[in-house]
$ cat query-v1.cif   # mmCIF, C-alpha atoms
data_data
loop_
_atom_site.label_atom_id
_atom_site.label_comp_id
_atom_site.auth_asym_id
_atom_site.auth_seq_id
_atom_site.Cartn_x
_atom_site.Cartn_y
_atom_site.Cartn_z
CA MET A 1 -88.03 38.07 25.14
CA ALA A 2 -89.77 34.71 25.31
CA ALA A 3 -89.34 34.23 21.55
CA HIS A 4 -85.71 35.28 21.86
CA ASN A 5 -85.11 32.77 24.67
CA PHE A 6 -86.89 30.06 22.72
CA LEU A 7 -84.78 30.65 19.61
CA TRP A 8 -81.59 30.76 21.65
CA SER A 9 -82.33 27.52 23.49
CA LEU A 10 -83.39 25.90 20.19
CA THR A 11 -80.05 26.94 18.68
CA LYS A 12 -78.16 25.57 21.65
CA ASN A 13 -80.03 22.26 21.49
CA CYS A 14 -79.43 21.89 17.76
CA PHE A 15 -75.75 22.65 18.28
CA THR A 16 -75.45 20.09 21.08
CA PHE A 17 -77.24 17.37 19.15
CA GLY A 18 -75.19 18.12 16.07
CA LEU A 19 -72.03 17.80 18.14
CA ILE A 20 -73.21 14.52 19.65
CA GLY A 21 -74.02 13.20 16.16
CA LEU A 22 -70.59 14.24 14.91
CA THR A 23 -68.80 12.57 17.81
CA VAL A 24 -70.80 9.35 17.40
CA SER A 25 -70.12 9.34 13.66
CA ASP A 26 -66.40 9.92 14.17
CA ARG A 27 -65.85 7.44 16.95
CA TYR A 28 -68.53 4.76 17.01
CA ALA A 29 -70.55 4.17 13.86
CA SER A 30 -71.45 5.86 10.60
CA ILE A 31 -73.28 5.15 7.36
CA VAL A 32 -71.27 4.82 4.16
CA PRO A 33 -72.35 4.22 0.55
CA VAL A 34 -70.81 1.30 -1.32
CA ARG A 35 -69.82 2.05 -4.92
CA GLY A 36 -68.88 -0.45 -7.57
CA SER A 37 -69.49 -4.16 -7.86
CA SER A 38 -66.32 -5.62 -6.36
CA MET A 39 -68.36 -7.04 -3.48
CA SER A 40 -71.24 -8.55 -5.51
CA PRO A 41 -73.47 -10.22 -4.57
CA THR A 42 -72.99 -9.10 -0.97
CA PHE A 43 -73.28 -5.42 -1.91
CA ASN A 44 -74.62 -3.84 -5.09
CA PRO A 45 -75.70 -7.10 -6.73
CA THR A 46 -77.09 -5.26 -9.76
CA THR A 47 -75.41 -2.56 -11.80
CA ASP A 48 -78.34 -0.19 -12.22
CA SER A 49 -77.12 2.83 -14.14
CA PHE A 50 -80.66 4.15 -14.49
CA MET A 51 -81.07 4.97 -10.81
CA GLY A 52 -77.44 5.86 -10.35
CA SER A 53 -76.12 6.37 -6.87
CA LEU A 54 -79.59 6.22 -5.27
CA SER A 55 -79.67 2.46 -5.67
CA ASP A 56 -76.23 1.88 -4.19
CA ASP A 57 -76.18 -0.02 -0.94
CA HIS A 58 -75.64 2.11 2.15
CA VAL A 59 -74.10 0.19 5.01
CA LEU A 60 -73.55 0.68 8.72
CA MET A 61 -69.86 0.85 9.54
CA GLU A 62 -68.95 0.42 13.21
CA LYS A 63 -65.69 1.64 14.69
CA PHE A 64 -65.78 -0.25 17.99
CA CYS A 65 -63.46 -2.80 16.42
CA LEU A 66 -60.75 -0.13 16.24
CA GLN A 67 -60.59 0.24 20.02
CA LYS A 68 -59.16 -3.23 20.55
CA TYR A 69 -58.37 -4.09 16.93
CA LYS A 70 -60.24 -7.38 17.12
CA PHE A 71 -60.72 -8.51 13.55
CA SER A 72 -61.80 -11.97 12.40
CA HIS A 73 -61.49 -13.85 9.16
CA GLY A 74 -64.41 -13.03 6.92
CA ASP A 75 -65.09 -9.55 8.38
CA VAL A 76 -66.01 -6.92 5.82
CA ILE A 77 -63.92 -3.81 6.47
CA VAL A 78 -63.55 -0.28 5.15
CA PHE A 79 -59.97 0.88 4.69
CA CYS A 80 -57.94 3.67 3.06
CA SER A 81 -56.45 2.56 -0.21
CA PRO A 82 -52.66 2.12 0.07
CA SER A 83 -52.09 3.56 -3.39
CA ASN A 84 -54.41 6.55 -3.04
CA HIS A 85 -54.98 7.72 0.52
CA LYS A 86 -57.98 9.81 -0.44
CA GLU A 87 -60.05 6.77 -1.47
CA LYS A 88 -61.66 4.22 0.76
CA HIS A 89 -62.40 0.64 -0.22
CA VAL A 90 -64.72 -2.05 1.12
CA LYS A 91 -63.37 -5.61 1.07
CA ARG A 92 -63.41 -8.80 3.11
CA ILE A 93 -60.56 -9.92 5.37
CA ILE A 94 -59.18 -13.20 4.07
CA GLY A 95 -55.96 -13.37 6.06
CA LEU A 96 -54.70 -12.01 9.38
CA PRO A 97 -51.07 -11.62 10.55
CA GLY A 98 -49.20 -14.90 10.27
CA ASP A 99 -51.54 -16.55 7.75
CA TRP A 100 -50.27 -18.05 4.50
CA ILE A 101 -52.29 -17.01 1.44
CA GLY A 102 -52.16 -18.95 -1.80
CA THR A 103 -52.38 -16.91 -5.01
CA PRO A 104 -53.54 -19.22 -7.82
CA MET A 105 -52.44 -16.80 -10.52
CA THR A 106 -48.76 -16.79 -9.69
CA ASN A 107 -48.61 -20.03 -7.71
CA ASP A 108 -46.98 -18.02 -4.93
CA VAL A 109 -47.62 -18.47 -1.25
CA VAL A 110 -47.51 -15.19 0.68
CA LYS A 111 -47.20 -14.88 4.44
CA VAL A 112 -49.17 -11.97 5.89
CA PRO A 113 -46.68 -9.85 7.91
CA ASN A 114 -47.24 -8.60 11.45
CA GLY A 115 -49.70 -5.74 11.66
CA HIS A 116 -51.09 -6.43 8.13
CA CYS A 117 -54.09 -8.23 6.67
CA TRP A 118 -55.02 -9.71 3.29
CA VAL A 119 -58.27 -8.43 1.80
CA GLU A 120 -60.25 -9.59 -1.22
CA GLY A 121 -63.56 -8.69 -2.80
CA ASP A 122 -66.41 -11.19 -3.07
CA ASN A 123 -66.47 -10.68 -6.84
CA PRO A 124 -62.92 -11.67 -7.85
CA SER A 125 -63.30 -10.73 -11.48
CA SER A 126 -63.88 -7.03 -10.86
CA SER A 127 -62.11 -6.46 -7.56
CA LEU A 128 -58.91 -4.50 -6.98
CA ASP A 129 -57.59 -5.96 -3.75
CA SER A 130 -54.62 -7.59 -2.05
CA ARG A 131 -54.02 -9.74 -5.10
CA SER A 132 -52.86 -6.48 -6.75
CA PHE A 133 -51.48 -4.32 -3.95
CA GLY A 134 -50.47 -6.95 -1.41
CA PRO A 135 -51.30 -7.09 2.29
CA ILE A 136 -52.39 -3.78 3.83
CA PRO A 137 -51.34 -2.42 7.25
CA LEU A 138 -54.11 -2.74 9.84
CA GLY A 139 -53.60 0.97 10.61
CA LEU A 140 -55.43 1.77 7.37
CA VAL A 141 -58.67 0.13 8.53
CA LYS A 142 -61.41 2.66 9.21
CA GLY A 143 -64.22 0.39 10.38
CA ARG A 144 -66.16 -2.85 10.05
CA VAL A 145 -69.41 -3.27 8.10
CA THR A 146 -72.17 -4.93 10.08
CA HIS A 147 -75.49 -4.19 8.35
CA ILE A 148 -76.95 -3.01 5.07
CA LEU A 149 -79.33 -0.13 5.76
CA TRP A 150 -80.47 0.90 2.25
CA PRO A 151 -82.33 0.06 0.03
CA PRO A 152 -85.06 -1.11 2.39
CA GLN A 153 -85.63 -4.44 0.66
CA ARG A 154 -82.01 -5.38 1.27
CA VAL A 155 -81.79 -4.53 4.95
CA ARG A 156 -79.92 -7.40 6.59
CA HIS A 157 -76.95 -8.32 8.74
CA VAL A 158 -73.66 -8.77 6.89
CA GLU A 159 -72.35 -12.26 7.63
CA ARG A 160 -68.77 -13.41 7.96
CA LYS A 161 -67.78 -15.74 5.17
CA ASN A 162 -64.72 -17.91 5.41
CA HIS A 163 -62.78 -18.97 2.34
CA GLN A 164 -61.50 -22.29 3.51
CA LYS A 165 -59.49 -23.16 0.48
CA ARG A 166 -57.60 -19.89 0.23
CA HIS A 167 -55.70 -19.58 3.48
CA SER A 168 -53.91 -21.76 5.97
CA PRO A 169 -53.90 -20.59 9.59
CA SER A 170 -50.48 -19.96 11.07
CA MET B 1 -99.11 28.17 45.45
CA SER B 2 -99.86 31.45 47.14
CA THR B 3 -98.99 31.20 50.74
CA TYR B 4 -100.96 34.02 52.17
CA LEU B 5 -104.20 35.88 51.94
CA ILE B 6 -104.74 39.10 53.71
CA GLY B 7 -105.03 38.30 57.40
CA GLN B 8 -104.10 34.64 57.05
CA LYS B 9 -101.32 33.47 59.38
CA THR B 10 -101.16 29.78 58.40
CA CYS B 11 -98.91 28.83 55.50
CA MET B 12 -100.94 26.95 52.92
CA ASN B 13 -97.91 24.94 51.78
CA CYS B 14 -96.55 23.49 55.00
CA LYS B 15 -99.71 24.10 57.07
CA THR B 16 -97.91 25.59 60.07
CA LEU B 17 -98.73 28.76 61.88
CA ASN B 18 -96.26 31.48 60.98
CA PRO B 19 -96.82 34.84 62.63
CA GLN B 20 -94.57 36.57 60.07
CA LEU B 21 -97.06 35.90 57.25
CA PRO B 22 -98.14 37.65 55.08
CA LEU B 23 -95.31 40.15 55.19
CA GLN B 24 -92.52 37.61 54.63
CA PRO B 25 -92.70 34.34 52.71
CA CYS B 26 -92.77 31.18 54.80
CA ARG B 27 -89.50 29.42 55.45
CA CYS B 28 -90.69 26.32 53.61
CA ILE B 29 -91.10 28.33 50.39
CA LEU B 30 -87.70 29.93 50.77
CA GLY B 31 -86.22 26.47 51.22
CA GLU B 32 -87.94 25.20 48.09
CA ILE B 33 -86.86 28.19 46.06
CA SER B 34 -83.25 27.80 47.12
CA ASN B 35 -83.41 24.05 46.43
CA MET B 36 -84.78 24.69 42.98
CA ALA B 37 -82.17 27.35 42.32
CA ALA B 38 -79.38 25.02 43.43
CA HIS B 39 -80.93 22.23 41.38
CA ASN B 40 -81.14 24.45 38.28
CA PHE B 41 -77.61 25.66 38.84
CA LEU B 42 -76.22 22.13 39.14
CA TRP B 43 -78.18 21.00 36.10
CA SER B 44 -76.99 23.85 33.93
CA LEU B 45 -73.43 23.38 35.22
CA THR B 46 -73.64 19.71 34.20
CA LYS B 47 -74.97 20.61 30.78
CA ASN B 48 -72.23 23.18 30.23
CA CYS B 49 -69.50 20.76 31.31
CA PHE B 50 -70.93 18.12 28.99
CA THR B 51 -71.08 20.54 26.06
CA PHE B 52 -67.55 21.81 26.60
CA GLY B 53 -66.29 18.26 27.03
CA LEU B 54 -67.93 17.32 23.73
CA ILE B 55 -66.44 20.37 21.99
CA GLY B 56 -63.01 19.48 23.38
CA LEU B 57 -63.39 15.90 22.20
CA THR B 58 -64.44 16.95 18.70
CA VAL B 59 -61.59 19.45 18.40
CA SER B 60 -59.11 16.85 19.64
CA ASP B 61 -60.40 14.24 17.18
CA ARG B 62 -60.62 16.44 14.13
CA TYR B 63 -58.39 19.49 14.40
CA ALA B 64 -55.50 19.38 16.87
CA SER B 65 -54.34 17.50 19.93
CA ILE B 66 -51.35 17.26 22.24
CA VAL B 67 -49.20 14.15 22.13
CA PRO B 68 -46.13 13.12 24.17
CA VAL B 69 -42.99 12.14 22.29
CA ARG B 70 -41.19 9.09 23.67
CA GLY B 71 -37.71 7.95 22.81
CA SER B 72 -34.79 9.73 21.25
CA SER B 73 -35.23 8.89 17.56
CA MET B 74 -35.91 12.57 16.83
CA SER B 75 -33.05 14.09 18.85
CA PRO B 76 -32.18 16.93 19.01
CA THR B 77 -35.51 18.17 17.66
CA PHE B 78 -37.47 16.35 20.40
CA ASN B 79 -36.23 14.86 23.68
CA PRO B 80 -32.63 16.05 23.28
CA THR B 81 -31.64 14.58 26.65
CA THR B 82 -32.39 11.11 27.98
CA ASP B 83 -33.38 12.03 31.52
CA SER B 84 -34.36 8.85 33.29
CA PHE B 85 -34.58 10.66 36.61
CA MET B 86 -37.66 12.68 35.70
CA GLY B 87 -39.14 9.96 33.53
CA SER B 88 -42.08 10.77 31.34
CA LEU B 89 -42.56 14.22 32.89
CA SER B 90 -39.60 15.58 31.00
CA ASP B 91 -40.70 14.18 27.63
CA ASP B 92 -41.56 16.75 25.03
CA HIS B 93 -45.27 17.24 24.47
CA VAL B 94 -46.08 18.55 21.02
CA LEU B 95 -49.07 20.04 19.25
CA MET B 96 -50.26 17.80 16.45
CA GLU B 97 -52.60 19.39 13.93
CA LYS B 98 -54.96 17.40 11.73
CA PHE B 99 -55.88 20.09 9.21
CA CYS B 100 -53.30 18.58 6.89
CA LEU B 101 -55.46 15.45 6.64
CA GLN B 102 -58.34 17.32 5.02
CA LYS B 103 -56.42 18.02 1.82
CA TYR B 104 -53.42 15.75 2.43
CA LYS B 105 -50.95 18.54 1.73
CA PHE B 106 -47.63 17.32 3.02
CA SER B 107 -44.23 18.84 2.30
CA HIS B 108 -40.70 17.54 2.50
CA GLY B 109 -39.33 18.04 5.99
CA ASP B 110 -42.73 17.94 7.78
CA VAL B 111 -42.71 16.10 11.07
CA ILE B 112 -45.67 13.69 11.11
CA VAL B 113 -47.31 11.25 13.50
CA PHE B 114 -48.34 7.93 11.91
CA CYS B 115 -49.48 4.44 12.86
CA SER B 116 -46.66 1.95 12.70
CA PRO B 117 -47.09 -0.41 9.72
CA SER B 118 -45.85 -3.36 11.73
CA ASN B 119 -47.89 -2.72 14.87
CA HIS B 120 -51.09 -0.78 14.29
CA LYS B 121 -51.49 -0.03 17.99
CA GLU B 122 -48.32 2.10 18.12
CA LYS B 123 -47.78 5.58 16.77
CA HIS B 124 -44.45 6.99 15.68
CA VAL B 125 -43.13 10.51 15.10
CA LYS B 126 -40.75 10.98 12.18
CA ARG B 127 -39.87 13.46 9.45
CA ILE B 128 -41.02 13.13 5.83
CA ILE B 129 -37.96 12.75 3.60
CA GLY B 130 -39.66 11.63 0.39
CA LEU B 131 -43.09 12.06 -1.21
CA PRO B 132 -44.69 9.95 -3.97
CA GLY B 133 -42.42 9.79 -7.00
CA ASP B 134 -39.19 10.70 -5.20
CA TRP B 135 -36.07 8.57 -5.44
CA ILE B 136 -34.42 7.84 -2.08
CA GLY B 137 -30.83 6.69 -1.82
CA THR B 138 -30.05 4.23 0.96
CA PRO B 139 -26.31 4.41 1.73
CA MET B 140 -26.33 1.09 3.58
CA THR B 141 -27.42 -1.07 0.71
CA ASN B 142 -26.50 1.24 -2.16
CA ASP B 143 -30.06 0.85 -3.40
CA VAL B 144 -32.18 3.58 -4.89
CA VAL B 145 -35.86 3.26 -3.97
CA LYS B 146 -38.71 5.05 -5.72
CA VAL B 147 -41.49 6.09 -3.36
CA PRO B 148 -44.73 4.59 -4.77
CA ASN B 149 -47.99 6.48 -5.26
CA GLY B 150 -49.81 7.22 -2.05
CA HIS B 151 -46.73 6.50 0.11
CA CYS B 152 -44.01 8.55 1.80
CA TRP B 153 -40.51 7.91 3.11
CA VAL B 154 -39.93 8.88 6.75
CA GLU B 155 -36.76 9.05 8.80
CA GLY B 156 -35.86 10.18 12.29
CA ASP B 157 -33.50 13.09 12.93
CA ASN B 158 -31.27 10.78 14.98
CA PRO B 159 -30.38 8.08 12.46
CA SER B 160 -28.47 5.91 14.91
CA SER B 161 -31.48 5.17 17.13
CA SER B 162 -34.40 5.54 14.75
CA LEU B 163 -36.64 2.76 13.43
CA ASP B 164 -37.99 4.25 10.23
CA SER B 165 -38.42 3.73 6.49
CA ARG B 166 -34.86 2.44 6.24
CA SER B 167 -36.23 -0.64 8.05
CA PHE B 168 -39.89 -0.93 7.08
CA GLY B 169 -39.89 0.85 3.74
CA PRO B 170 -42.22 3.61 2.54
CA ILE B 171 -45.47 3.92 4.47
CA PRO B 172 -48.93 4.55 2.98
CA LEU B 173 -50.09 8.14 3.50
CA GLY B 174 -53.34 6.73 4.93
CA LEU B 175 -51.43 5.85 8.11
CA VAL B 176 -50.62 9.50 8.85
CA LYS B 177 -52.51 10.81 11.86
CA GLY B 178 -51.30 14.42 11.99
CA ARG B 179 -48.49 16.95 11.59
CA VAL B 180 -46.41 18.33 14.44
CA THR B 181 -46.22 22.13 14.47
CA HIS B 182 -45.09 23.21 17.96
CA ILE B 183 -43.46 21.92 21.10
CA LEU B 184 -45.67 22.87 24.06
CA TRP B 185 -43.86 21.28 27.02
CA PRO B 186 -41.45 21.68 28.82
CA PRO B 187 -41.88 25.47 28.96
CA GLN B 188 -38.24 26.26 28.23
CA ARG B 189 -38.46 24.36 24.94
CA VAL B 190 -41.65 25.95 23.59
CA ARG B 191 -41.00 26.69 19.93
CA HIS B 192 -42.22 26.17 16.40
CA VAL B 193 -41.07 22.94 14.74
CA GLU B 194 -39.29 23.84 11.51
CA ARG B 195 -39.19 21.93 8.25
CA LYS B 196 -35.74 20.58 7.52
CA ASN B 197 -34.80 19.40 4.09
CA HIS B 198 -32.20 16.72 3.56
CA GLN B 199 -30.82 17.82 0.25
CA LYS B 200 -28.37 15.00 -0.23
CA ARG B 201 -30.77 12.16 0.43
CA HIS B 202 -33.49 12.52 -2.18
CA SER B 203 -33.89 13.53 -5.77
CA PRO B 204 -37.21 15.08 -6.71
CA SER B 205 -39.15 13.25 -9.41
#
$ encode --input "query-v1.cif" --output "structure tokens"
Amino acid sequence: MAAHNFLWSLTKNCFTFGLIGLTVSDRYASIVPVRGSSMSPTFNPTTDSFMGSLSDDHVLMEKFCLQKYKFSHGDVIVFCSPSNHKEKHVKRIIGLPGDWIGTPMTNDVVKVPNGHCWVEGDNPSSSLDSRSFGPIPLGLVKGRVTHILWPPQRVRHVERKNHQKRHSPS
Amino acid sequence: MSTYLIGQKTCMNCKTLNPQLPLQPCRCILGEISNMAAHNFLWSLTKNCFTFGLIGLTVSDRYASIVPVRGSSMSPTFNPTTDSFMGSLSDDHVLMEKFCLQKYKFSHGDVIVFCSPSNHKEKHVKRIIGLPGDWIGTPMTNDVVKVPNGHCWVEGDNPSSSLDSRSFGPIPLGLVKGRVTHILWPPQRVRHVERKNHQKRHSPS
């Protein structure tokens, strides 16, 4: 009976801790792998096909920003792709609602509508971002990246970077 | 912590003389046992409440939750009467399931809850009229719009007072938060929410 009680209370504790982990991961913070090189050199600065996905950066994504929706210019965010809702992308916020964004390619100036933001990758040559699909609704944002957690030699805080020449505040 | 030996009449725990020893346990021990039992009971009650609260939170986040419907943009499906006397008590409360988000299987005529594209803090309830690849005719402007990949066209059942895709265009499917399956409140309106197809408004791809 003592072994039975021990197993039962072990099961209950595992279940409770699993549930706590799930709730924390859903609501507060989780760890996500970054694929691709659209955010080089911030993430994945080398394309190492030998190691494959083991060498991809794994980052800490916090969801506290979703409670009050406080985003700043230069934040790195994770969002659902507007063209394929099953994919998530990691990019940097360049413009917030009301900003004017200059697109050098088309010599257009775009105003970011209410409730939207303009995102771009740090590596413009291989980045599919708002220059292709336009501003994205803020409702698609899933979280904000604060730290790189893997590989161990690249553990650091992810800084905000402002692109002064690309946007004019409203 | 034995309190009595044969012949001993002084409790070894509280050190008072108790003529009822050793036949009955001392009152101090009974008090401690009942304290410990109450303490254990409260502690296990707290743990159970915490666990059930956590289960409820996880289920509400991932599988299904109950949301109130405000406004009359979905009359007569939801809120068929504007009853300002009762206020928010008479609003329909519906069951929103999130299983559809696992595989993103939506059908024409589903009623969905989504984040507004113009104000991410608000959620709206509307019906899916068009899925990716459909052509939607807008009578007002005589335009025909093709719903892009990863988007859907939503409209309210009450076109005269509904702010929907006719104003803000197709919405990305990533904004969808869940699908409405049943009305749960008020009790006289408990029913399953049916799919309704608008045959004259869209042409399948």
$ resolve_selection --input "query-v1.cif" --expression "the PyMOL selection byres ((chain B) within 7 of (chain A))" --output "VMD selection string"
chain B and resid 51 54 58 115 117 to 120 149 to 150 172 to 175
$ resolve_selection --input "query-v1.cif" --expression "the PyMOL selection byres ((chain B and resi 155) around 10)" --output "ChimeraX atom specification"
/B:73-74,109,111,125-130,153-154,156-159,162-167,170
$ residues_around --input "query-v1.cif" --residues "Lys15 (chain B)" --least-positions-apart "4" --cutoff "10 Å" --atoms "all atoms listed in the file" --output "ChimeraX atom specification"
/B:3,9-11,28
$ closest_residue --input "query-v1.cif" --among "B:Val69, B:Thr181, B:Ser160, B:Pro132" --to "Pro148 (chain B)" --atoms "all atoms listed in the file"
B:Pro132
$ resolve_selection --input "query-v1.cif" --expression "the PyMOL selection byres ((chain B and resi 193) around 8)" --output "list of chain:residue names"
B:Thr77, B:Val111, B:Val180, B:Thr181, B:His182, B:Ile183, B:Arg191, B:His192, B:Glu194, B:Arg195
$ write_last_selection --input "query-v1.cif" --atoms "C-alpha atoms" --output "tab-separated table (two decimals), keeping the file's coordinate frame"
chain	number	residue	atom	x	y	z
B	77	THR	CA	-35.51	18.17	17.66
B	111	VAL	CA	-42.71	16.10	11.07
B	180	VAL	CA	-46.41	18.33	14.44
B	181	THR	CA	-46.22	22.13	14.47
B	182	HIS	CA	-45.09	23.21	17.96
B	183	ILE	CA	-43.46	21.92	21.10
B	191	ARG	CA	-41.00	26.69	19.93
B	192	HIS	CA	-42.22	26.17	16.40
B	194	GLU	CA	-39.29	23.84	11.51
B	195	ARG	CA	-39.19	21.93	8.25
$ residues_around --input "query-v1.cif" --residues "Gln188 (chain B)" --least-positions-apart "4" --cutoff "12 Å" --atoms "only C-alpha atoms" --output "PDB file with C-alpha atoms, keeping the file's coordinate frame"
ATOM      1  CA  SER B  90     -39.600  15.580  31.000  1.00  0.00           C
ATOM      2  CA  ASP B  92     -41.560  16.750  25.030  1.00  0.00           C
ATOM      3  CA  ILE B 183     -43.460  21.920  21.100  1.00  0.00           C
ATOM      4  CA  LEU B 184     -45.670  22.870  24.060  1.00  0.00           C
TER       5      LEU B 184
END
$ residues_around --input "query-v1.cif" --residues "Ile93 (chain A)" --least-positions-apart "4" --cutoff "12 Å" --atoms "only C-alpha atoms" --output "MDAnalysis selection string"
chainID A and resid 71:79 97 99 101 112 116:122 129:130 135:136 138 141 144:145 160:163 166:167
$ closest_residue --input "query-v1.cif" --among "A:Asn13, A:Asn5, A:Ser127, A:Ser30" --to "Lys142 (chain A)" --atoms "all atoms listed in the file"
A:Ser30
$ atom_distance --input "query-v1.cif" --atom1 "CA of Gly137 (chain B)" --atom2 "CA of Asp110 (chain B)"
19.0 Å
$ closest_residue --input "query-v1.cif" --among "A:Pro124, A:Gly143, A:Gly134, A:Pro152" --to "Ser40 (chain A)" --atoms "only C-alpha atoms"
A:Pro124
$ residues_near_point --input "query-v1.cif" --point "(-89.9, 23.8, 51.9)" --cutoff "12 Å" --atoms "all atoms listed in the file" --output "PDB file with C-alpha atoms, in the frame of the given file"
ATOM      1  CA  THR B   3     -98.990  31.200  50.740  1.00  0.00           C
ATOM      2  CA  CYS B  11     -98.910  28.830  55.500  1.00  0.00           C
ATOM      3  CA  MET B  12    -100.940  26.950  52.920  1.00  0.00           C
ATOM      4  CA  ASN B  13     -97.910  24.940  51.780  1.00  0.00           C
ATOM      5  CA  CYS B  14     -96.550  23.490  55.000  1.00  0.00           C
ATOM      6  CA  LYS B  15     -99.710  24.100  57.070  1.00  0.00           C
ATOM      7  CA  THR B  16     -97.910  25.590  60.070  1.00  0.00           C
ATOM      8  CA  PRO B  25     -92.700  34.340  52.710  1.00  0.00           C
ATOM      9  CA  CYS B  26     -92.770  31.180  54.800  1.00  0.00           C
ATOM     10  CA  ARG B  27     -89.500  29.420  55.450  1.00  0.00           C
ATOM     11  CA  CYS B  28     -90.690  26.320  53.610  1.00  0.00           C
ATOM     12  CA  ILE B  29     -91.100  28.330  50.390  1.00  0.00           C
ATOM     13  CA  LEU B  30     -87.700  29.930  50.770  1.00  0.00           C
ATOM     14  CA  GLY B  31     -86.220  26.470  51.220  1.00  0.00           C
ATOM     15  CA  GLU B  32     -87.940  25.200  48.090  1.00  0.00           C
ATOM     16  CA  ILE B  33     -86.860  28.190  46.060  1.00  0.00           C
ATOM     17  CA  SER B  34     -83.250  27.800  47.120  1.00  0.00           C
ATOM     18  CA  ASN B  35     -83.410  24.050  46.430  1.00  0.00           C
ATOM     19  CA  MET B  36     -84.780  24.690  42.980  1.00  0.00           C
TER      20      MET B  36
END
$ atom_distance --input "query-v1.cif" --atom1 "CA of Thr11 (chain A)" --atom2 "CA of Asn48 (chain B)"
14.4 Å
$ atom_distance --input "query-v1.cif" --atom1 "CA of Leu131 (chain B)" --atom2 "CA of Phe106 (chain B)"
8.1 Å
$ residues_around --input "query-v1.cif" --residues "Asn44 (chain A)" --least-positions-apart "3" --cutoff "9 Å" --atoms "all atoms listed in the file" --output "PyMOL selection string"
chain A and resi 34-41+47-48+55-57
$ axis_aligned_box --input "query-v1.cif" --around "region 147-153 of chain A" --padding-each-side "5 Å" --output "JSON"
{"center_x": -80.6, "center_y": -1.8, "center_z": 4.2, "size_x": 20.1, "size_y": 15.3, "size_z": 18.3}
$ closest_residue --input "query-v1.cif" --among "B:Cys49, B:Val147, B:Val176, B:Ile171" --to "Cys100 (chain B)" --atoms "all atoms listed in the file"
B:Val176
$ closest_residue --input "query-v1.cif" --among "A:Ser25, A:Ile31, A:His89, A:Arg131" --to "Met105 (chain A)" --atoms "only C-alpha atoms"
A:Arg131
$ decode --input "query-v1.cif" --residues "region 155-159 of chain B" --atoms "all heavy atoms" --output "CSV table (one decimal), in the first residue's frame"
chain,number,residue,atom,x,y,z
B,155,GLU,N,-18.9,38.0,-42.6
B,155,GLU,CA,-20.0,39.0,-42.6
B,155,GLU,C,-21.0,38.6,-41.5
B,155,GLU,O,-21.1,37.5,-41.1
B,155,GLU,CB,-20.8,38.9,-43.9
B,155,GLU,CG,-20.1,39.7,-45.1
B,155,GLU,CD,-21.0,39.7,-46.3
B,155,GLU,OE1,-22.2,39.5,-46.2
B,155,GLU,OE2,-20.4,39.9,-47.4
B,156,GLY,N,-21.7,39.7,-41.0
B,156,GLY,CA,-22.7,39.4,-39.9
B,156,GLY,C,-24.0,39.0,-40.6
B,156,GLY,O,-24.3,39.3,-41.7
B,157,ASP,N,-24.9,38.3,-39.8
B,157,ASP,CA,-26.2,37.9,-40.3
B,157,ASP,C,-27.1,39.1,-40.4
B,157,ASP,O,-28.1,39.0,-41.1
B,157,ASP,CB,-26.8,36.9,-39.3
B,157,ASP,CG,-26.1,35.6,-39.4
B,157,ASP,OD1,-25.3,35.4,-40.3
B,157,ASP,OD2,-26.4,34.7,-38.6
B,158,ASN,N,-26.8,40.3,-39.8
B,158,ASN,CA,-27.6,41.4,-39.9
B,158,ASN,C,-26.9,42.5,-40.6
B,158,ASN,O,-26.2,43.3,-40.0
B,158,ASN,CB,-28.0,41.9,-38.4
B,158,ASN,CG,-29.0,43.0,-38.4
B,158,ASN,OD1,-29.6,43.3,-39.4
B,158,ASN,ND2,-29.2,43.6,-37.2
B,159,PRO,N,-27.0,42.5,-42.0
B,159,PRO,CA,-26.1,43.3,-42.8
B,159,PRO,C,-26.2,44.8,-42.5
B,159,PRO,O,-25.2,45.5,-42.6
B,159,PRO,CB,-26.5,43.0,-44.2
B,159,PRO,CG,-27.4,41.8,-44.2
B,159,PRO,CD,-28.0,41.8,-42.8
